[in-house]
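Structure data follow from input29.pdb (PDB, N, CA and C atoms):
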```pdb
ATOM      1  N   MET U 230      -7.105 -44.199  15.430
ATOM      2  CA  MET U 230      -8.114 -43.239  15.842
ATOM      3  C   MET U 230      -7.476 -41.982  16.430
ATOM      4  N   PHE U 231      -6.347 -42.150  17.121
ATOM      5  CA  PHE U 231      -5.676 -40.996  17.709
ATOM      6  C   PHE U 231      -5.227 -40.019  16.626
ATOM      7  N   VAL U 232      -4.638 -40.554  15.558
ATOM      8  CA  VAL U 232      -4.149 -39.696  14.478
ATOM      9  C   VAL U 232      -5.314 -38.984  13.794
ATOM     10  N   ILE U 233      -6.396 -39.705  13.563
ATOM     11  CA  ILE U 233      -7.565 -39.094  12.917
ATOM     12  C   ILE U 233      -8.150 -38.003  13.809
ATOM     13  N   THR U 234      -8.277 -38.292  15.106
ATOM     14  CA  THR U 234      -8.833 -37.304  16.025
ATOM     15  C   THR U 234      -7.934 -36.075  16.110
ATOM     16  N   LEU U 235      -6.642 -36.287  16.181
ATOM     17  CA  LEU U 235      -5.707 -35.167  16.222
ATOM     18  C   LEU U 235      -5.803 -34.329  14.946
ATOM     19  N   GLY U 236      -5.892 -35.001  13.790
ATOM     20  CA  GLY U 236      -6.039 -34.286  12.523
ATOM     21  C   GLY U 236      -7.310 -33.463  12.466
ATOM     22  N   GLU U 237      -8.420 -34.029  12.949
ATOM     23  CA  GLU U 237      -9.671 -33.280  12.953
ATOM     24  C   GLU U 237      -9.599 -32.087  13.897
ATOM     25  N   MET U 238      -8.941 -32.258  15.044
ATOM     26  CA  MET U 238      -8.825 -31.151  15.985
ATOM     27  C   MET U 238      -8.001 -30.009  15.405
ATOM     28  N   LEU U 239      -7.007 -30.325  14.590
ATOM     29  CA  LEU U 239      -6.144 -29.296  14.035
ATOM     30  C   LEU U 239      -6.706 -28.665  12.760
ATOM     31  N   VAL U 240      -7.411 -29.444  11.960
ATOM     32  CA  VAL U 240      -7.851 -28.967  10.651
ATOM     33  C   VAL U 240      -9.235 -28.335  10.686
ATOM     34  N   TRP U 241     -10.210 -28.972  11.308
ATOM     35  CA  TRP U 241     -11.594 -28.520  11.179
ATOM     36  C   TRP U 241     -11.872 -27.123  11.696
ATOM     37  N   PRO U 242     -11.193 -26.619  12.731
ATOM     38  CA  PRO U 242     -11.459 -25.218  13.103
ATOM     39  C   PRO U 242     -11.061 -24.209  12.019
ATOM     40  N   ALA U 243     -10.112 -24.554  11.183
ATOM     41  CA  ALA U 243      -9.658 -23.629  10.144
ATOM     42  C   ALA U 243     -10.517 -23.695   8.886
ATOM     43  N   VAL U 244     -11.273 -24.751   8.706
ATOM     44  CA  VAL U 244     -12.037 -24.931   7.465
ATOM     45  C   VAL U 244     -13.076 -23.826   7.252
ATOM     46  N   PRO U 245     -13.898 -23.451   8.239
ATOM     47  CA  PRO U 245     -14.851 -22.356   7.994
ATOM     48  C   PRO U 245     -14.169 -21.026   7.659
ATOM     49  N   THR U 246     -13.016 -20.785   8.248
ATOM     50  CA  THR U 246     -12.290 -19.556   7.952
ATOM     51  C   THR U 246     -11.819 -19.530   6.506
ATOM     52  N   ILE U 247     -11.260 -20.630   6.067
ATOM     53  CA  ILE U 247     -10.802 -20.720   4.677
ATOM     54  C   ILE U 247     -11.986 -20.615   3.720
ATOM     55  N   ALA U 248     -13.099 -21.268   4.074
ATOM     56  CA  ALA U 248     -14.287 -21.192   3.227
ATOM     57  C   ALA U 248     -14.793 -19.760   3.116
ATOM     58  N   ALA U 249     -14.761 -19.028   4.218
ATOM     59  CA  ALA U 249     -15.225 -17.642   4.185
ATOM     60  C   ALA U 249     -14.301 -16.773   3.340
ATOM     61  N   GLU U 250     -12.999 -17.039   3.383
ATOM     62  CA  GLU U 250     -12.049 -16.244   2.599
ATOM     63  C   GLU U 250     -12.153 -16.532   1.104
ATOM     64  N   LEU U 251     -12.454 -17.781   0.734
ATOM     65  CA  LEU U 251     -12.485 -18.158  -0.675
ATOM     66  C   LEU U 251     -13.857 -17.985  -1.321
ATOM     67  N   SER U 252     -14.902 -17.804  -0.537
ATOM     68  CA  SER U 252     -16.245 -17.711  -1.104
ATOM     69  C   SER U 252     -16.534 -16.309  -1.615
ATOM     70  N   PRO U 253     -17.453 -16.202  -2.566
ATOM     71  CA  PRO U 253     -17.831 -14.881  -3.084
ATOM     72  C   PRO U 253     -18.509 -14.046  -1.993
ATOM     73  N   PRO U 254     -18.416 -12.729  -2.077
ATOM     74  CA  PRO U 254     -19.055 -11.872  -1.077
ATOM     75  C   PRO U 254     -20.559 -12.138  -0.990
ATOM     76  N   GLY U 255     -21.046 -12.242   0.235
ATOM     77  CA  GLY U 255     -22.459 -12.491   0.457
ATOM     78  C   GLY U 255     -22.836 -13.959   0.491
ATOM     79  N   ARG U 256     -21.921 -14.850   0.119
ATOM     80  CA  ARG U 256     -22.215 -16.291   0.096
ATOM     81  C   ARG U 256     -21.423 -17.055   1.160
ATOM     82  N   GLU U 257     -20.765 -16.330   2.073
ATOM     83  CA  GLU U 257     -19.898 -16.965   3.060
ATOM     84  C   GLU U 257     -20.643 -17.980   3.905
ATOM     85  N   GLY U 258     -21.818 -17.588   4.434
ATOM     86  CA  GLY U 258     -22.591 -18.477   5.303
ATOM     87  C   GLY U 258     -23.056 -19.725   4.590
ATOM     88  N   PHE U 259     -23.500 -19.577   3.345
ATOM     89  CA  PHE U 259     -23.949 -20.735   2.574
ATOM     90  C   PHE U 259     -22.808 -21.711   2.338
ATOM     91  N   ILE U 260     -21.654 -21.200   1.943
ATOM     92  CA  ILE U 260     -20.506 -22.058   1.668
ATOM     93  C   ILE U 260     -20.025 -22.732   2.946
ATOM     94  N   GLN U 261     -19.990 -21.993   4.058
ATOM     95  CA  GLN U 261     -19.580 -22.591   5.326
ATOM     96  C   GLN U 261     -20.547 -23.688   5.752
ATOM     97  N   GLY U 262     -21.836 -23.450   5.588
ATOM     98  CA  GLY U 262     -22.833 -24.477   5.919
ATOM     99  C   GLY U 262     -22.720 -25.698   5.026
ATOM    100  N   LEU U 263     -22.476 -25.457   3.744
ATOM    101  CA  LEU U 263     -22.318 -26.563   2.804
ATOM    102  C   LEU U 263     -21.114 -27.426   3.167
ATOM    103  N   ILE U 264     -20.005 -26.783   3.480
ATOM    104  CA  ILE U 264     -18.797 -27.522   3.843
ATOM    105  C   ILE U 264     -18.998 -28.264   5.162
ATOM    106  N   GLY U 265     -19.657 -27.635   6.116
ATOM    107  CA  GLY U 265     -19.943 -28.313   7.381
ATOM    108  C   GLY U 265     -20.848 -29.518   7.188
ATOM    109  N   GLY U 266     -21.840 -29.374   6.313
ATOM    110  CA  GLY U 266     -22.745 -30.492   6.025
ATOM    111  C   GLY U 266     -22.049 -31.636   5.325
ATOM    112  N   VAL U 267     -21.168 -31.319   4.401
ATOM    113  CA  VAL U 267     -20.422 -32.362   3.696
ATOM    114  C   VAL U 267     -19.501 -33.097   4.667
ATOM    115  N   GLY U 268     -18.865 -32.356   5.573
ATOM    116  CA  GLY U 268     -18.016 -32.987   6.582
ATOM    117  C   GLY U 268     -18.810 -33.913   7.486
ATOM    118  N   SER U 269     -19.989 -33.475   7.911
ATOM    119  CA  SER U 269     -20.836 -34.322   8.749
ATOM    120  C   SER U 269     -21.319 -35.540   7.979
ATOM    121  N   GLY U 270     -21.657 -35.345   6.722
ATOM    122  CA  GLY U 270     -22.078 -36.486   5.889
ATOM    123  C   GLY U 270     -20.960 -37.500   5.722
ATOM    124  N   GLY U 271     -19.740 -37.009   5.565
ATOM    125  CA  GLY U 271     -18.606 -37.914   5.444
ATOM    126  C   GLY U 271     -18.366 -38.707   6.711
ATOM    127  N   ARG U 272     -18.539 -38.066   7.861
ATOM    128  CA  ARG U 272     -18.380 -38.782   9.122
ATOM    129  C   ARG U 272     -19.512 -39.772   9.346
ATOM    130  N   MET U 273     -20.656 -39.554   8.702
ATOM    131  CA  MET U 273     -21.773 -40.464   8.830
ATOM    132  C   MET U 273     -21.623 -41.657   7.871
ATOM    133  N   VAL U 274     -21.257 -41.388   6.638
ATOM    134  CA  VAL U 274     -21.193 -42.433   5.619
ATOM    135  C   VAL U 274     -19.863 -43.188   5.659
ATOM    136  N   GLY U 275     -18.787 -42.533   6.094
ATOM    137  CA  GLY U 275     -17.458 -43.132   6.090
ATOM    138  C   GLY U 275     -17.352 -44.465   6.800
ATOM    139  N   PRO U 276     -17.801 -44.568   8.055
ATOM    140  CA  PRO U 276     -17.710 -45.868   8.728
ATOM    141  C   PRO U 276     -18.533 -46.961   8.060
ATOM    142  N   LEU U 277     -19.695 -46.595   7.529
ATOM    143  CA  LEU U 277     -20.520 -47.584   6.831
ATOM    144  C   LEU U 277     -19.807 -48.086   5.578
ATOM    145  N   MET U 278     -19.272 -47.160   4.779
ATOM    146  CA  MET U 278     -18.561 -47.566   3.558
ATOM    147  C   MET U 278     -17.298 -48.359   3.900
ATOM    148  N   GLY U 279     -16.613 -47.959   4.978
ATOM    149  CA  GLY U 279     -15.438 -48.707   5.402
ATOM    150  C   GLY U 279     -15.784 -50.138   5.770
ATOM    151  N   ALA U 280     -16.887 -50.324   6.465
ATOM    152  CA  ALA U 280     -17.305 -51.675   6.832
ATOM    153  C   ALA U 280     -17.684 -52.496   5.607
ATOM    154  N   VAL U 281     -18.383 -51.879   4.665
ATOM    155  CA  VAL U 281     -18.773 -52.595   3.442
ATOM    156  C   VAL U 281     -17.539 -52.989   2.639
ATOM    157  N   ILE U 282     -16.592 -52.078   2.498
ATOM    158  CA  ILE U 282     -15.370 -52.380   1.746
ATOM    159  C   ILE U 282     -14.551 -53.450   2.454
ATOM    160  N   PHE U 283     -14.480 -53.370   3.781
ATOM    161  CA  PHE U 283     -13.723 -54.362   4.542
ATOM    162  C   PHE U 283     -14.344 -55.750   4.390
ATOM    163  N   GLU U 284     -15.663 -55.827   4.433
ATOM    164  CA  GLU U 284     -16.334 -57.122   4.281
ATOM    165  C   GLU U 284     -16.174 -57.660   2.863
ATOM    166  N   ALA U 285     -16.187 -56.793   1.878
ATOM    167  CA  ALA U 285     -16.097 -57.238   0.484
ATOM    168  C   ALA U 285     -14.669 -57.575   0.071
ATOM    169  N   LEU U 286     -13.687 -56.774   0.504
ATOM    170  CA  LEU U 286     -12.326 -56.916  -0.001
ATOM    171  C   LEU U 286     -11.322 -57.420   1.034
ATOM    172  N   GLY U 287     -11.685 -57.408   2.292
ATOM    173  CA  GLY U 287     -10.748 -57.808   3.334
ATOM    174  C   GLY U 287      -9.842 -56.651   3.723
ATOM    175  N   ALA U 288      -8.930 -56.928   4.640
ATOM    176  CA  ALA U 288      -8.061 -55.874   5.162
ATOM    177  C   ALA U 288      -7.114 -55.332   4.097
ATOM    178  N   ASN U 289      -6.490 -56.223   3.326
ATOM    179  CA  ASN U 289      -5.570 -55.752   2.283
ATOM    180  C   ASN U 289      -6.294 -54.942   1.221
ATOM    181  N   GLY U 290      -7.451 -55.396   0.829
ATOM    182  CA  GLY U 290      -8.229 -54.669  -0.171
ATOM    183  C   GLY U 290      -8.628 -53.291   0.314
ATOM    184  N   MET U 291      -8.935 -53.193   1.611
ATOM    185  CA  MET U 291      -9.318 -51.890   2.150
ATOM    186  C   MET U 291      -8.132 -50.939   2.151
ATOM    187  N   VAL U 292      -6.946 -51.443   2.479
ATOM    188  CA  VAL U 292      -5.753 -50.595   2.452
ATOM    189  C   VAL U 292      -5.491 -50.105   1.033
ATOM    190  N   TYR U 293      -5.612 -50.982   0.046
ATOM    191  CA  TYR U 293      -5.413 -50.578  -1.348
ATOM    192  C   TYR U 293      -6.459 -49.557  -1.779
ATOM    193  N   PHE U 294      -7.709 -49.771  -1.354
ATOM    194  CA  PHE U 294      -8.776 -48.846  -1.701
ATOM    195  C   PHE U 294      -8.514 -47.472  -1.095
ATOM    196  N   MET U 295      -8.093 -47.433   0.179
ATOM    197  CA  MET U 295      -7.795 -46.150   0.824
ATOM    198  C   MET U 295      -6.605 -45.460   0.165
ATOM    199  N   ALA U 296      -5.599 -46.246  -0.240
ATOM    200  CA  ALA U 296      -4.450 -45.659  -0.929
ATOM    201  C   ALA U 296      -4.875 -45.061  -2.267
ATOM    202  N   ALA U 297      -5.764 -45.755  -2.968
ATOM    203  CA  ALA U 297      -6.262 -45.233  -4.244
ATOM    204  C   ALA U 297      -7.042 -43.940  -4.033
ATOM    205  N   LEU U 298      -7.857 -43.878  -2.982
ATOM    206  CA  LEU U 298      -8.583 -42.643  -2.687
ATOM    207  C   LEU U 298      -7.626 -41.502  -2.340
ATOM    208  N   ALA U 299      -6.559 -41.814  -1.619
ATOM    209  CA  ALA U 299      -5.569 -40.784  -1.301
ATOM    210  C   ALA U 299      -4.902 -40.271  -2.573
ATOM    211  N   LEU U 300      -4.612 -41.159  -3.509
ATOM    212  CA  LEU U 300      -4.006 -40.736  -4.775
ATOM    213  C   LEU U 300      -4.971 -39.881  -5.594
ATOM    214  N   VAL U 301      -6.252 -40.208  -5.546
ATOM    215  CA  VAL U 301      -7.253 -39.392  -6.234
ATOM    216  C   VAL U 301      -7.274 -37.987  -5.630
ATOM    217  N   ALA U 302      -7.200 -37.901  -4.294
ATOM    218  CA  ALA U 302      -7.178 -36.590  -3.637
ATOM    219  C   ALA U 302      -5.929 -35.804  -4.036
ATOM    220  N   VAL U 303      -4.787 -36.458  -4.102
ATOM    221  CA  VAL U 303      -3.550 -35.789  -4.507
ATOM    222  C   VAL U 303      -3.659 -35.312  -5.958
ATOM    223  N   ALA U 304      -4.247 -36.139  -6.821
ATOM    224  CA  ALA U 304      -4.420 -35.745  -8.217
ATOM    225  C   ALA U 304      -5.341 -34.526  -8.329
ATOM    226  N   CYS U 305      -6.437 -34.516  -7.572
ATOM    227  CA  CYS U 305      -7.349 -33.362  -7.597
ATOM    228  C   CYS U 305      -6.653 -32.109  -7.101
ATOM    229  N   PHE U 306      -5.872 -32.233  -6.046
ATOM    230  CA  PHE U 306      -5.125 -31.087  -5.515
ATOM    231  C   PHE U 306      -4.119 -30.579  -6.537
ATOM    232  N   THR U 307      -3.438 -31.489  -7.212
ATOM    233  CA  THR U 307      -2.439 -31.103  -8.213
ATOM    234  C   THR U 307      -3.093 -30.376  -9.375
ATOM    235  N   VAL U 308      -4.225 -30.885  -9.850
ATOM    236  CA  VAL U 308      -4.932 -30.229 -10.954
ATOM    237  C   VAL U 308      -5.413 -28.851 -10.520
ATOM    238  N   TYR U 309      -5.953 -28.760  -9.315
ATOM    239  CA  TYR U 309      -6.442 -27.468  -8.822
ATOM    240  C   TYR U 309      -5.312 -26.451  -8.716
ATOM    241  N   THR U 310      -4.199 -26.850  -8.129
ATOM    242  CA  THR U 310      -3.101 -25.898  -7.950
ATOM    243  C   THR U 310      -2.449 -25.510  -9.266
ATOM    244  N   SER U 311      -2.580 -26.336 -10.294
ATOM    245  CA  SER U 311      -1.999 -25.965 -11.580
ATOM    246  C   SER U 311      -2.786 -24.832 -12.249
ATOM    247  N   PHE U 312      -4.056 -24.673 -11.869
ATOM    248  CA  PHE U 312      -4.879 -23.614 -12.456
ATOM    249  C   PHE U 312      -4.918 -22.344 -11.624
ATOM    250  N   VAL U 313      -4.479 -22.397 -10.387
ATOM    251  CA  VAL U 313      -4.533 -21.237  -9.509
ATOM    252  C   VAL U 313      -3.304 -20.361  -9.753
ATOM    253  N   LYS U 314      -3.533 -19.111  -9.982
ATOM    254  CA  LYS U 314      -2.441 -18.152 -10.178
ATOM    255  C   LYS U 314      -2.140 -17.497  -8.842
ATOM    256  N   ARG U 315      -0.886 -17.538  -8.420
ATOM    257  CA  ARG U 315      -0.500 -16.975  -7.129
ATOM    258  C   ARG U 315       0.588 -15.924  -7.330
ATOM    259  N   PRO U 316       0.201 -14.674  -7.484
ATOM    260  CA  PRO U 316       1.221 -13.637  -7.686
ATOM    261  C   PRO U 316       2.094 -13.434  -6.450
ATOM    262  N   GLU U 317       1.565 -13.667  -5.243
ATOM    263  CA  GLU U 317       2.386 -13.466  -4.050
ATOM    264  C   GLU U 317       3.494 -14.502  -3.955
ATOM    265  N   MET U 318       3.312 -15.675  -4.543
ATOM    266  CA  MET U 318       4.353 -16.696  -4.536
ATOM    267  C   MET U 318       5.481 -16.320  -5.504
ATOM    268  N   LYS U 319       5.140 -15.712  -6.627
ATOM    269  CA  LYS U 319       6.161 -15.323  -7.593
ATOM    270  C   LYS U 319       7.065 -14.236  -7.024
ATOM    271  N   ALA U 320       6.515 -13.337  -6.240
ATOM    272  CA  ALA U 320       7.305 -12.263  -5.654
ATOM    273  C   ALA U 320       8.270 -12.795  -4.602
ATOM    274  N   ALA U 321       7.952 -13.913  -3.979
ATOM    275  CA  ALA U 321       8.796 -14.456  -2.923
ATOM    276  C   ALA U 321       9.986 -15.229  -3.486
ATOM    277  N   LEU U 322       9.926 -15.641  -4.743
ATOM    278  CA  LEU U 322      11.024 -16.387  -5.345
ATOM    279  C   LEU U 322      12.124 -15.441  -5.799
ATOM    280  N   PRO U 323      13.385 -15.857  -5.655
ATOM    281  CA  PRO U 323      14.472 -14.982  -6.116
ATOM    282  C   PRO U 323      14.498 -14.890  -7.645
ATOM    283  N   ALA U 324      15.011 -13.813  -8.121
ATOM    284  CA  ALA U 324      15.123 -13.618  -9.566
ATOM    285  C   ALA U 324      16.124 -14.623 -10.135
ATOM    286  N   PRO U 325      15.934 -15.087 -11.382
ATOM    287  CA  PRO U 325      16.816 -16.105 -11.960
ATOM    288  C   PRO U 325      18.289 -15.687 -12.004
ATOM    289  N   GLU U 326      18.560 -14.399 -12.210
ATOM    290  CA  GLU U 326      19.966 -13.973 -12.297
ATOM    291  C   GLU U 326      20.653 -14.041 -10.938
ATOM    292  N   LYS U 327      19.918 -14.043  -9.851
ATOM    293  CA  LYS U 327      20.521 -14.120  -8.527
ATOM    294  C   LYS U 327      20.761 -15.557  -8.079
ATOM    295  N   LEU U 328      20.218 -16.522  -8.785
ATOM    296  CA  LEU U 328      20.386 -17.918  -8.389
ATOM    297  C   LEU U 328      21.810 -18.391  -8.573
ATOM    298  N   GLY U 329      22.488 -17.959  -9.591
ATOM    299  CA  GLY U 329      23.847 -18.431  -9.875
ATOM    300  C   GLY U 329      24.902 -17.825  -8.962
ATOM    301  N   SER U 330      24.655 -16.704  -8.341
ATOM    302  CA  SER U 330      25.682 -16.055  -7.536
ATOM    303  C   SER U 330      25.562 -16.333  -6.065
TER     304      SER U 330
END
```

Entire entry expressed as structure tokens:
Amino acid sequence: MFVITLGEMLVWPAVPTIAAELSPPGREGFIQGLIGGVGSGGRMVGPLMGAVIFEALGANGMVYFMAALALVAVACFTVYTSFVKRPEMKAALPAPEKLGS
């Protein structure tokens, strides 16, 4: 619980800011509200689903299920980042001819 609470304290204040930066102009409030609602829904449904999974699969099954969900999140992040073009990242990398020297 300590790790989860610490993670929420560090991450959740930045989420509305990121949502406002990534949302289309004029839709910032809607996107921020949507993300806040989804976060609240997850905190509401998460313990219930955790209890159901724990009762159905036991402790080991729950660990495997959580690991699978983490892998799904990593896969989604990987797919998303493969489609995002970041010109500022390309400028920060050294030119190929300078790598050998």

(request) as a ChimeraX atom specification, list the residues of chain U assigned to helix (DSSP H, G or I) by DSSP on the backbone atoms of this structure. (result) /U:231-240,244-251,257-312,316-321,325-328

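As for CA of Pro245 (chain U) and CA of Leu277 (chain U), they are spaced 25.9 Å apart.
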
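The spacing separating atom N of Gly268 (chain U) from CA of Glu237 (chain U) amounts to 11.8 Å.
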
(request) Provide the CA of Ile282 (chain U) to CA of Val240 (chain U) distance in Å, to one decimal place. (result) 26.2 Å

(message) Here is a test: counting all atoms listed in the file, which residue of U:Val244, U:Met230, U:Leu251, U:Ala285 is nearest to Gly265 (chain U)?
(response) U:Val244

(message) Here is a test: counting all atoms listed in the file, which residue of U:Gly255, U:Met238, U:Met291, U:Phe312 is nearest to Gly279 (chain U)?
(response) U:Met291

Padded axis-aligned box of region 231-235 of chain U (8 Å per side), centre and edge lengths, Å, one decimal, as lines of an AutoDock Vina configuration file:
```
center_x = -6.5
center_y = -38.2
center_z = 15.3
size_x = 20.7
size_y = 23.8
size_z = 20.8
```

Fewer than 5 positions away in the same chain doesn't count, so skip those; otherwise give me all residues within 10 Å of region 292-294 of chain U, counting only C-alpha atoms, as a CSV table (one decimal) with N, CA and C atoms, in the coordinates of the input.
```csv
chain,number,residue,atom,x,y,z
U,279,GLY,N,-16.6,-48.0,5.0
U,279,GLY,CA,-15.4,-48.7,5.4
U,279,GLY,C,-15.8,-50.1,5.8
U,282,ILE,N,-16.6,-52.1,2.5
U,282,ILE,CA,-15.4,-52.4,1.7
U,282,ILE,C,-14.6,-53.4,2.5
U,283,PHE,N,-14.5,-53.4,3.8
U,283,PHE,CA,-13.7,-54.4,4.5
U,283,PHE,C,-14.3,-55.8,4.4
U,286,LEU,N,-13.7,-56.8,0.5
U,286,LEU,CA,-12.3,-56.9,0.0
U,286,LEU,C,-11.3,-57.4,1.0
U,287,GLY,N,-11.7,-57.4,2.3
U,287,GLY,CA,-10.7,-57.8,3.3
U,287,GLY,C,-9.8,-56.7,3.7
U,299,ALA,N,-6.6,-41.8,-1.6
U,299,ALA,CA,-5.6,-40.8,-1.3
U,299,ALA,C,-4.9,-40.3,-2.6
U,300,LEU,N,-4.6,-41.2,-3.5
U,300,LEU,CA,-4.0,-40.7,-4.8
U,300,LEU,C,-5.0,-39.9,-5.6
```
